[in-house]
$ cat query02.cif   # mmCIF, C-alpha atoms, pLDDT in the B column; chains and numbers go by the auth columns
data_start
loop_
_atom_site.group_PDB
_atom_site.id
_atom_site.type_symbol
_atom_site.label_atom_id
_atom_site.label_comp_id
_atom_site.label_asym_id
_atom_site.label_seq_id
_atom_site.Cartn_x
_atom_site.Cartn_y
_atom_site.Cartn_z
_atom_site.B_iso_or_equiv
_atom_site.auth_seq_id
_atom_site.auth_asym_id
ATOM 1 C CA MET A 1 -36.292 -200.331 -159.739 51.00 1 M
ATOM 2 C CA ARG A 2 -32.577 -201.170 -159.425 55.00 2 M
ATOM 3 C CA ILE A 3 -29.982 -199.308 -161.467 56.00 3 M
ATOM 4 C CA MET A 4 -26.413 -200.452 -162.220 56.00 4 M
ATOM 5 C CA ARG A 5 -23.973 -197.573 -161.780 58.00 5 M
ATOM 6 C CA ASP A 6 -20.799 -197.127 -163.818 61.00 6 M
ATOM 7 C CA ASP A 7 -18.740 -198.316 -160.854 62.00 7 M
ATOM 8 C CA GLY A 8 -20.684 -201.597 -160.740 61.00 8 M
ATOM 9 C CA ARG A 9 -22.725 -200.787 -157.626 62.00 9 M
ATOM 10 C CA VAL A 10 -26.461 -201.242 -157.709 57.00 10 M
ATOM 11 C CA THR A 11 -28.702 -198.490 -156.351 56.00 11 M
ATOM 12 C CA SER A 12 -32.440 -198.078 -156.235 57.00 12 M
ATOM 13 C CA ALA A 13 -34.189 -195.323 -158.123 54.00 13 M
ATOM 14 C CA ALA A 14 -35.504 -193.983 -154.811 59.00 14 M
ATOM 15 C CA THR A 15 -31.965 -193.355 -153.525 66.00 15 M
ATOM 16 C CA ARG A 16 -30.772 -191.740 -156.762 61.00 16 M
ATOM 17 C CA ARG A 17 -33.474 -189.338 -157.801 83.00 17 M
ATOM 18 C CA ARG A 18 -34.309 -186.045 -156.211 91.00 18 M
ATOM 19 C CA MET A 19 -37.724 -185.317 -154.819 92.00 19 M
ATOM 20 C CA SER A 20 -40.157 -184.019 -157.398 93.00 20 M
ATOM 21 C CA VAL A 21 -41.835 -180.641 -157.123 95.00 21 M
ATOM 22 C CA GLY A 22 -45.058 -182.460 -156.214 95.00 22 M
ATOM 23 C CA GLU A 23 -43.362 -184.533 -153.510 94.00 23 M
ATOM 24 C CA LEU A 24 -41.782 -181.410 -152.024 96.00 24 M
ATOM 25 C CA ALA A 25 -45.173 -179.662 -152.056 97.00 25 M
ATOM 26 C CA ILE A 26 -46.728 -182.604 -150.194 96.00 26 M
ATOM 27 C CA TRP A 27 -43.878 -182.559 -147.655 96.00 27 M
ATOM 28 C CA ARG A 28 -44.401 -178.827 -147.119 97.00 28 M
ATOM 29 C CA ALA A 29 -48.152 -179.336 -146.752 97.00 29 M
ATOM 30 C CA LEU A 30 -47.494 -182.020 -144.107 97.00 30 M
ATOM 31 C CA VAL A 31 -45.156 -179.744 -142.144 97.00 31 M
ATOM 32 C CA ASP A 32 -47.490 -176.745 -142.408 98.00 32 M
ATOM 33 C CA THR A 33 -50.652 -178.708 -141.603 98.00 33 M
ATOM 34 C CA THR A 34 -49.227 -180.451 -138.547 97.00 34 M
ATOM 35 C CA ALA A 35 -47.875 -177.125 -137.266 97.00 35 M
ATOM 36 C CA GLU A 36 -51.289 -175.516 -137.795 98.00 36 M
ATOM 37 C CA LEU A 37 -53.042 -178.393 -136.013 98.00 37 M
ATOM 38 C CA ARG A 38 -50.643 -178.091 -133.067 97.00 38 M
ATOM 39 C CA ARG A 39 -51.227 -174.320 -132.942 98.00 39 M
ATOM 40 C CA ILE A 40 -55.028 -174.587 -133.086 98.00 40 M
ATOM 41 C CA LEU A 41 -55.229 -177.494 -130.629 98.00 41 M
ATOM 42 C CA GLY A 42 -52.756 -175.848 -128.245 97.00 42 M
ATOM 43 C CA ALA A 43 -54.660 -172.557 -128.209 97.00 43 M
ATOM 44 C CA GLN A 44 -57.961 -174.332 -127.652 97.00 44 M
ATOM 45 C CA LEU A 45 -56.469 -176.523 -124.905 97.00 45 M
ATOM 46 C CA LEU A 46 -55.264 -173.431 -123.063 96.00 46 M
ATOM 47 C CA ARG A 47 -58.561 -171.589 -123.614 96.00 47 M
ATOM 48 C CA ASP A 48 -60.782 -174.527 -122.590 95.00 48 M
ATOM 49 C CA SER A 49 -58.851 -175.843 -119.596 94.00 49 M
ATOM 50 C CA GLY A 50 -56.063 -173.431 -118.703 94.00 50 M
ATOM 51 C CA VAL A 51 -53.478 -176.125 -119.461 96.00 51 M
ATOM 52 C CA SER A 52 -50.629 -175.193 -121.786 96.00 52 M
ATOM 53 C CA PRO A 53 -49.641 -177.663 -124.497 97.00 53 M
ATOM 54 C CA ALA A 54 -46.267 -178.113 -122.766 97.00 54 M
ATOM 55 C CA ASP A 55 -47.917 -178.875 -119.418 97.00 55 M
ATOM 56 C CA TYR A 56 -50.319 -181.285 -121.106 97.00 56 M
ATOM 57 C CA HIS A 57 -47.430 -183.097 -122.793 97.00 57 M
ATOM 58 C CA VAL A 58 -45.690 -183.630 -119.446 97.00 58 M
ATOM 59 C CA LEU A 59 -48.906 -184.558 -117.625 97.00 59 M
ATOM 60 C CA LEU A 60 -49.858 -187.031 -120.371 97.00 60 M
ATOM 61 C CA ALA A 61 -46.491 -188.790 -120.216 97.00 61 M
ATOM 62 C CA LEU A 62 -46.665 -189.026 -116.425 97.00 62 M
ATOM 63 C CA SER A 63 -50.278 -190.216 -116.442 95.00 63 M
ATOM 64 C CA GLU A 64 -49.330 -193.032 -118.832 95.00 64 M
ATOM 65 C CA ALA A 65 -46.249 -194.019 -116.828 95.00 65 M
ATOM 66 C CA ASN A 66 -46.279 -196.897 -114.396 91.00 66 M
ATOM 67 C CA GLY A 67 -47.220 -195.441 -111.020 89.00 67 M
ATOM 68 C CA GLY A 68 -47.535 -191.932 -112.492 89.00 68 M
ATOM 69 C CA ARG A 69 -43.786 -191.375 -112.208 92.00 69 M
ATOM 70 C CA LEU A 70 -40.730 -191.335 -114.459 93.00 70 M
ATOM 71 C CA ARG A 71 -37.075 -190.537 -114.059 92.00 71 M
ATOM 72 C CA SER A 72 -36.452 -187.084 -115.483 92.00 72 M
ATOM 73 C CA SER A 73 -34.158 -188.534 -118.168 91.00 73 M
ATOM 74 C CA GLU A 74 -36.906 -190.977 -119.209 93.00 74 M
ATOM 75 C CA LEU A 75 -39.464 -188.177 -119.273 95.00 75 M
ATOM 76 C CA ALA A 76 -37.173 -186.044 -121.451 95.00 76 M
ATOM 77 C CA ALA A 77 -36.777 -188.940 -123.889 94.00 77 M
ATOM 78 C CA GLU A 78 -40.496 -189.738 -123.818 95.00 78 M
ATOM 79 C CA ILE A 79 -41.560 -186.220 -124.796 96.00 79 M
ATOM 80 C CA ASP A 80 -38.461 -185.502 -126.921 94.00 80 M
ATOM 81 C CA TRP A 81 -37.272 -182.461 -124.986 95.00 81 M
ATOM 82 C CA GLU A 82 -33.768 -181.383 -124.087 94.00 82 M
ATOM 83 C CA ARG A 83 -33.023 -182.005 -120.413 90.00 83 M
ATOM 84 C CA SER A 84 -32.425 -178.316 -119.683 91.00 84 M
ATOM 85 C CA ARG A 85 -35.783 -177.306 -121.202 94.00 85 M
ATOM 86 C CA LEU A 86 -37.510 -180.033 -119.207 95.00 86 M
ATOM 87 C CA SER A 87 -35.759 -179.046 -115.983 93.00 87 M
ATOM 88 C CA HIS A 88 -36.891 -175.417 -116.274 96.00 88 M
ATOM 89 C CA HIS A 89 -40.428 -176.416 -117.199 97.00 89 M
ATOM 90 C CA LEU A 90 -40.655 -178.937 -114.355 96.00 90 M
ATOM 91 C CA GLY A 91 -39.582 -176.217 -111.939 95.00 91 M
ATOM 92 C CA ARG A 92 -42.518 -174.065 -113.043 96.00 92 M
ATOM 93 C CA MET A 93 -44.923 -177.022 -112.836 96.00 93 M
ATOM 94 C CA GLU A 94 -43.596 -177.967 -109.394 96.00 94 M
ATOM 95 C CA ARG A 95 -44.148 -174.425 -108.079 97.00 95 M
ATOM 96 C CA ARG A 96 -47.786 -174.718 -109.222 96.00 96 M
ATOM 97 C CA GLY A 97 -48.149 -178.095 -107.489 96.00 97 M
ATOM 98 C CA LEU A 98 -48.734 -180.147 -110.660 97.00 98 M
ATOM 99 C CA ILE A 99 -45.720 -182.435 -110.294 97.00 99 M
ATOM 100 C CA ARG A 100 -43.242 -183.407 -107.605 95.00 100 M
ATOM 101 C CA ARG A 101 -39.532 -184.155 -108.016 93.00 101 M
ATOM 102 C CA ASP A 102 -37.887 -186.592 -105.646 90.00 102 M
ATOM 103 C CA ASP A 103 -34.383 -187.985 -105.477 84.00 103 M
ATOM 104 C CA CYS A 104 -34.110 -191.248 -107.376 78.00 104 M
ATOM 105 C CA SER A 105 -33.819 -194.187 -104.996 73.00 105 M
ATOM 106 C CA THR A 106 -31.574 -196.144 -107.390 74.00 106 M
ATOM 107 C CA ASP A 107 -29.349 -193.301 -108.613 69.00 107 M
ATOM 108 C CA SER A 108 -28.299 -190.382 -106.428 66.00 108 M
ATOM 109 C CA ARG A 109 -27.690 -188.218 -109.515 70.00 109 M
ATOM 110 C CA GLY A 110 -31.191 -188.620 -110.931 76.00 110 M
ATOM 111 C CA ALA A 111 -34.637 -187.406 -109.991 87.00 111 M
ATOM 112 C CA GLU A 112 -38.017 -189.014 -110.290 92.00 112 M
ATOM 113 C CA VAL A 113 -40.900 -186.885 -111.455 94.00 113 M
ATOM 114 C CA SER A 114 -44.376 -187.795 -110.277 95.00 114 M
ATOM 115 C CA LEU A 115 -47.858 -186.530 -110.869 95.00 115 M
ATOM 116 C CA THR A 116 -49.494 -184.856 -107.878 96.00 116 M
ATOM 117 C CA GLU A 117 -53.217 -185.046 -107.130 95.00 117 M
ATOM 118 C CA ASP A 118 -53.589 -181.476 -108.429 96.00 118 M
ATOM 119 C CA GLY A 119 -51.683 -182.390 -111.591 96.00 119 M
ATOM 120 C CA ALA A 120 -53.817 -185.494 -112.127 95.00 120 M
ATOM 121 C CA ARG A 121 -56.980 -183.468 -111.568 96.00 121 M
ATOM 122 C CA MET A 122 -55.858 -180.785 -114.011 96.00 122 M
ATOM 123 C CA PHE A 123 -54.956 -183.439 -116.601 97.00 123 M
ATOM 124 C CA ARG A 124 -58.323 -185.199 -116.236 96.00 124 M
ATOM 125 C CA GLY A 125 -60.129 -181.872 -116.575 96.00 125 M
ATOM 126 C CA ALA A 126 -58.264 -181.040 -119.766 97.00 126 M
ATOM 127 C CA THR A 127 -58.551 -184.448 -121.420 96.00 127 M
ATOM 128 C CA ALA A 128 -62.224 -184.457 -122.482 96.00 128 M
ATOM 129 C CA PRO A 129 -62.214 -180.950 -124.012 96.00 129 M
ATOM 130 C CA HIS A 130 -58.904 -181.715 -125.715 97.00 130 M
ATOM 131 C CA ALA A 131 -60.268 -184.977 -127.154 97.00 131 M
ATOM 132 C CA LEU A 132 -63.297 -183.068 -128.492 97.00 132 M
ATOM 133 C CA ALA A 133 -61.007 -180.502 -130.111 97.00 133 M
ATOM 134 C CA ILE A 134 -58.926 -183.258 -131.720 97.00 134 M
ATOM 135 C CA LYS A 135 -62.127 -184.800 -133.059 98.00 135 M
ATOM 136 C CA LYS A 136 -63.368 -181.453 -134.398 97.00 136 M
ATOM 137 C CA HIS A 137 -60.144 -180.289 -136.036 98.00 137 M
ATOM 138 C CA PHE A 138 -58.676 -183.643 -137.111 97.00 138 M
ATOM 139 C CA ALA A 139 -60.927 -186.685 -137.023 97.00 139 M
ATOM 140 C CA ASP A 140 -64.057 -185.030 -138.410 98.00 140 M
ATOM 141 C CA ALA A 141 -62.103 -183.895 -141.478 97.00 141 M
ATOM 142 C CA LEU A 142 -61.232 -187.461 -142.549 97.00 142 M
ATOM 143 C CA THR A 143 -63.253 -190.351 -143.922 97.00 143 M
ATOM 144 C CA PRO A 144 -62.739 -193.902 -142.644 97.00 144 M
ATOM 145 C CA ALA A 145 -60.839 -194.699 -145.849 98.00 145 M
ATOM 146 C CA GLN A 146 -58.571 -191.689 -145.290 97.00 146 M
ATOM 147 C CA PHE A 147 -57.913 -192.836 -141.712 96.00 147 M
ATOM 148 C CA GLU A 148 -56.890 -196.263 -143.001 97.00 148 M
ATOM 149 C CA ALA A 149 -54.622 -194.694 -145.623 97.00 149 M
ATOM 150 C CA LEU A 150 -53.101 -192.358 -143.033 96.00 150 M
ATOM 151 C CA ASP A 151 -52.517 -195.286 -140.676 96.00 151 M
ATOM 152 C CA ASP A 152 -50.737 -197.167 -143.470 96.00 152 M
ATOM 153 C CA ILE A 153 -48.612 -194.126 -144.337 96.00 153 M
ATOM 154 C CA LEU A 154 -47.642 -193.486 -140.718 95.00 154 M
ATOM 155 C CA ARG A 155 -46.734 -197.143 -140.134 94.00 155 M
ATOM 156 C CA THR A 156 -44.625 -197.123 -143.296 94.00 156 M
ATOM 157 C CA LEU A 157 -42.803 -193.992 -142.166 94.00 157 M
ATOM 158 C CA GLN A 158 -42.231 -195.397 -138.656 93.00 158 M
ATOM 159 C CA ASN A 159 -40.889 -198.645 -140.123 93.00 159 M
ATOM 160 C CA HIS A 160 -38.612 -196.640 -142.415 92.00 160 M
ATOM 161 C CA LEU A 161 -37.357 -194.442 -139.573 92.00 161 M
ATOM 162 C CA HIS A 162 -36.952 -197.371 -137.143 90.00 162 M
ATOM 163 C CA PRO A 163 -36.238 -200.516 -139.213 87.00 163 M
ATOM 164 C CA GLU A 164 -34.897 -202.372 -136.165 84.00 164 M
ATOM 165 C CA GLN A 165 -38.243 -202.000 -134.407 79.00 165 M
ATOM 166 C CA ALA A 166 -40.131 -203.052 -137.533 70.00 166 M
ATOM 167 C CA ALA A 167 -37.957 -206.161 -137.821 67.00 167 M
ATOM 168 C CA ALA A 168 -38.559 -207.039 -134.162 69.00 168 M
ATOM 169 C CA ILE A 169 -42.319 -206.659 -134.573 65.00 169 M
ATOM 170 C CA THR A 170 -42.259 -208.810 -137.713 59.00 170 M
ATOM 171 C CA ARG A 171 -40.291 -211.525 -135.875 52.00 171 M
ATOM 172 C CA GLU A 172 -42.806 -211.421 -133.011 62.00 172 M
ATOM 173 C CA ASP A 173 -45.714 -211.698 -135.450 62.00 173 M
ATOM 174 C CA LEU A 174 -44.040 -214.701 -137.070 56.00 174 M
ATOM 175 C CA HIS A 175 -43.105 -216.202 -133.678 57.00 175 M
ATOM 176 C CA VAL A 176 -39.438 -216.478 -134.747 48.00 176 M
#

$ encode --input "query02.cif" --output "structure tokens"
Amino acid sequence: MRIMRDDGRVTSAATRRRMSVGELAIWRALVDTTAELRRILGAQLLRDSGVSPADYHVLLALSEANGGRLRSSELAAEIDWERSRLSHHLGRMERRGLIRRDDCSTDSRGAEVSLTEDGARMFRGATAPHALAIKKHFADALTPAQFEALDDILRTLQNHLHPEQAAAITREDLHV
């Protein structure tokens, strides 16, 4: 719904009104539930495989990267960590033999982070139990209809947060 303001500008109702008590409660439930899922899944990951959630996050990003390696700046962006946090964590992982840091061949200031055989083995060993835990604590709680609704909600939020990406995808779908 569009509303004409006294100054002649048109605004939508969504930009004018405050969130309702119900909307705020749903937001809080989302924040609390995702935090609880991360806590439960992280504790079970550590208990089942000895891999911390932070290690798993790094190992997952590297395992999905082309050649099992990323520049440290790309890795930081991929997992949404500050560079200093990543640098300290990579140092601990390197001392345990899970990753290796090498000078970047194209930029003397950068480093490339790669998965070692031990890191790949640890990641593979953690993946199946972690997938089972995700199924138990997340997927088993939802019906197929709820999954479809959640997918629609998440896509809508991503398109809202990144409209430029949504526009590019739409243009690709339309072959423009």

$ closest_residue --input "query02.cif" --among "M:Ala61, M:Ala141, M:Ala128, M:Leu30" --to "M:Asp80" --atoms "only C-alpha atoms"
M:Ala61

$ atom_distance --input "query02.cif" --atom1 "atom CA of M:Thr106" --atom2 "atom CA of M:Gly68"
17.3 Å

$ atom_distance --input "query02.cif" --atom1 "atom CA of M:Leu45" --atom2 "atom CA of M:Ala133"
8.0 Å

$ closest_residue --input "query02.cif" --among "M:Pro163, M:Gly97, M:Gly110, M:Gly119" --to "M:Arg71" --atoms "only C-alpha atoms"
M:Gly110

$ residues_around --input "query02.cif" --residues "M:Leu115" --least-positions-apart "3" --cutoff "9 Å" --atoms "only C-alpha atoms" --output "list in words"
Leu59, Leu62, Ser63, Gly67, Gly68, Arg69, Leu98, Ile99, Arg100, Asp118, Gly119 and Ala120 of chain M

$ residues_around --input "query02.cif" --residues "stretch 130-132 of chain M" --least-positions-apart "2" --cutoff "8 Å" --atoms "only C-alpha atoms" --output "PyMOL selection string"
chain M and resi 41+44-45+126-128+134-136

$ closest_residue --input "query02.cif" --among "M:Ala54, M:Ile153, M:Leu46, M:Ala111" --to "M:Gly125" --atoms "all atoms listed in the file"
M:Leu46

$ closest_residue --input "query02.cif" --among "M:Glu36, M:Asp140, M:Gly42, M:Ser49" --to "M:Arg121" --atoms "all atoms listed in the file"
M:Ser49

$ resolve_selection --input "query02.cif" --expression "the PyMOL selection byres ((chain M and resi 102) around 7)" --output "list in words"
Arg100, Arg101, Asp103, Cys104, Ala111, Glu112 and Val113 of chain M

$ atom_distance --input "query02.cif" --atom1 "atom CA of M:Leu24" --atom2 "atom CA of M:Glu164"
27.2 Å

$ closest_residue --input "query02.cif" --among "M:Glu74, M:Ala25, M:Phe123, M:Glu148" --to "M:His57" --atoms "all atoms listed in the file"
M:Phe123

$ axis_aligned_box --input "query02.cif" --around "stretch 99-118 of chain M" --padding-each-side "4 Å" --output "AutoDock Vina command-line options"
--center_x -40.6 --center_y -188.8 --center_z -108.2 --size_x 33.9 --size_y 22.7 --size_z 14.5

$ residues_around --input "query02.cif" --residues "M:Ser84" --least-positions-apart "5" --cutoff "12 Å" --atoms "all atoms listed in the file" --output "list of chain:residue names"
M:Ser72, M:Ser73, M:Ala76, M:His89, M:Leu90, M:Gly91

$ residues_near_point --input "query02.cif" --point "(-54.0, -172.6, -115.1)" --cutoff "10 Å" --atoms "all atoms listed in the file" --output "list in words"
Leu46, Arg47, Ser49, Gly50, Val51, Ser52, Asp55, Arg96 and Met122 of chain M

$ decode --input "query02.cif" --residues "stretch 70-115 of chain M" --atoms "C-alpha atoms" --output "short mmCIF file (atom, residue, chain, number, x, y, z; two decimals), in the first residue's frame"
data_model
loop_
_atom_site.label_atom_id
_atom_site.label_comp_id
_atom_site.auth_asym_id
_atom_site.auth_seq_id
_atom_site.Cartn_x
_atom_site.Cartn_y
_atom_site.Cartn_z
CA LEU M 70 41.80 -20.06 -0.88
CA ARG M 71 43.60 -16.81 -0.29
CA SER M 72 43.24 -15.90 3.37
CA SER M 73 41.27 -12.76 2.47
CA GLU M 74 38.85 -14.87 0.39
CA LEU M 75 38.51 -17.38 3.21
CA ALA M 76 37.76 -14.59 5.69
CA ALA M 77 35.05 -13.25 3.38
CA GLU M 78 33.66 -16.72 2.69
CA ILE M 79 33.15 -17.56 6.37
CA ASP M 80 32.42 -13.96 7.44
CA TRP M 81 35.25 -13.65 9.96
CA GLU M 82 37.51 -10.72 10.71
CA ARG M 83 40.99 -11.25 9.29
CA SER M 84 42.65 -11.11 12.72
CA ARG M 85 40.32 -13.79 14.13
CA LEU M 86 40.97 -15.97 11.08
CA SER M 87 44.73 -15.47 11.30
CA HIS M 88 44.85 -16.61 14.94
CA HIS M 89 42.57 -19.57 14.26
CA LEU M 90 44.56 -20.63 11.19
CA GLY M 91 47.72 -20.58 13.30
CA ARG M 92 46.16 -23.06 15.72
CA MET M 93 44.89 -25.24 12.86
CA GLU M 94 48.29 -25.13 11.15
CA ARG M 95 50.06 -26.27 14.34
CA ARG M 96 47.70 -29.28 14.40
CA GLY M 97 48.44 -30.05 10.74
CA LEU M 98 44.91 -29.41 9.44
CA ILE M 99 45.79 -26.60 7.05
CA ARG M 100 48.89 -25.14 5.45
CA ARG M 101 49.64 -21.49 4.70
CA ASP M 102 51.85 -20.63 1.76
CA ASP M 103 52.91 -17.33 0.27
CA CYS M 104 50.58 -16.27 -2.51
CA SER M 105 52.23 -16.67 -5.91
CA THR M 106 50.39 -13.65 -7.36
CA ASP M 107 50.64 -11.28 -4.39
CA SER M 108 53.63 -11.18 -2.04
CA ARG M 109 51.47 -9.66 0.72
CA GLY M 110 48.89 -12.44 0.74
CA ALA M 111 48.82 -16.06 1.81
CA GLU M 112 47.04 -19.05 0.41
CA VAL M 113 45.44 -21.46 2.82
CA SER M 114 45.13 -25.08 1.77
CA LEU M 115 43.66 -28.21 3.23
#
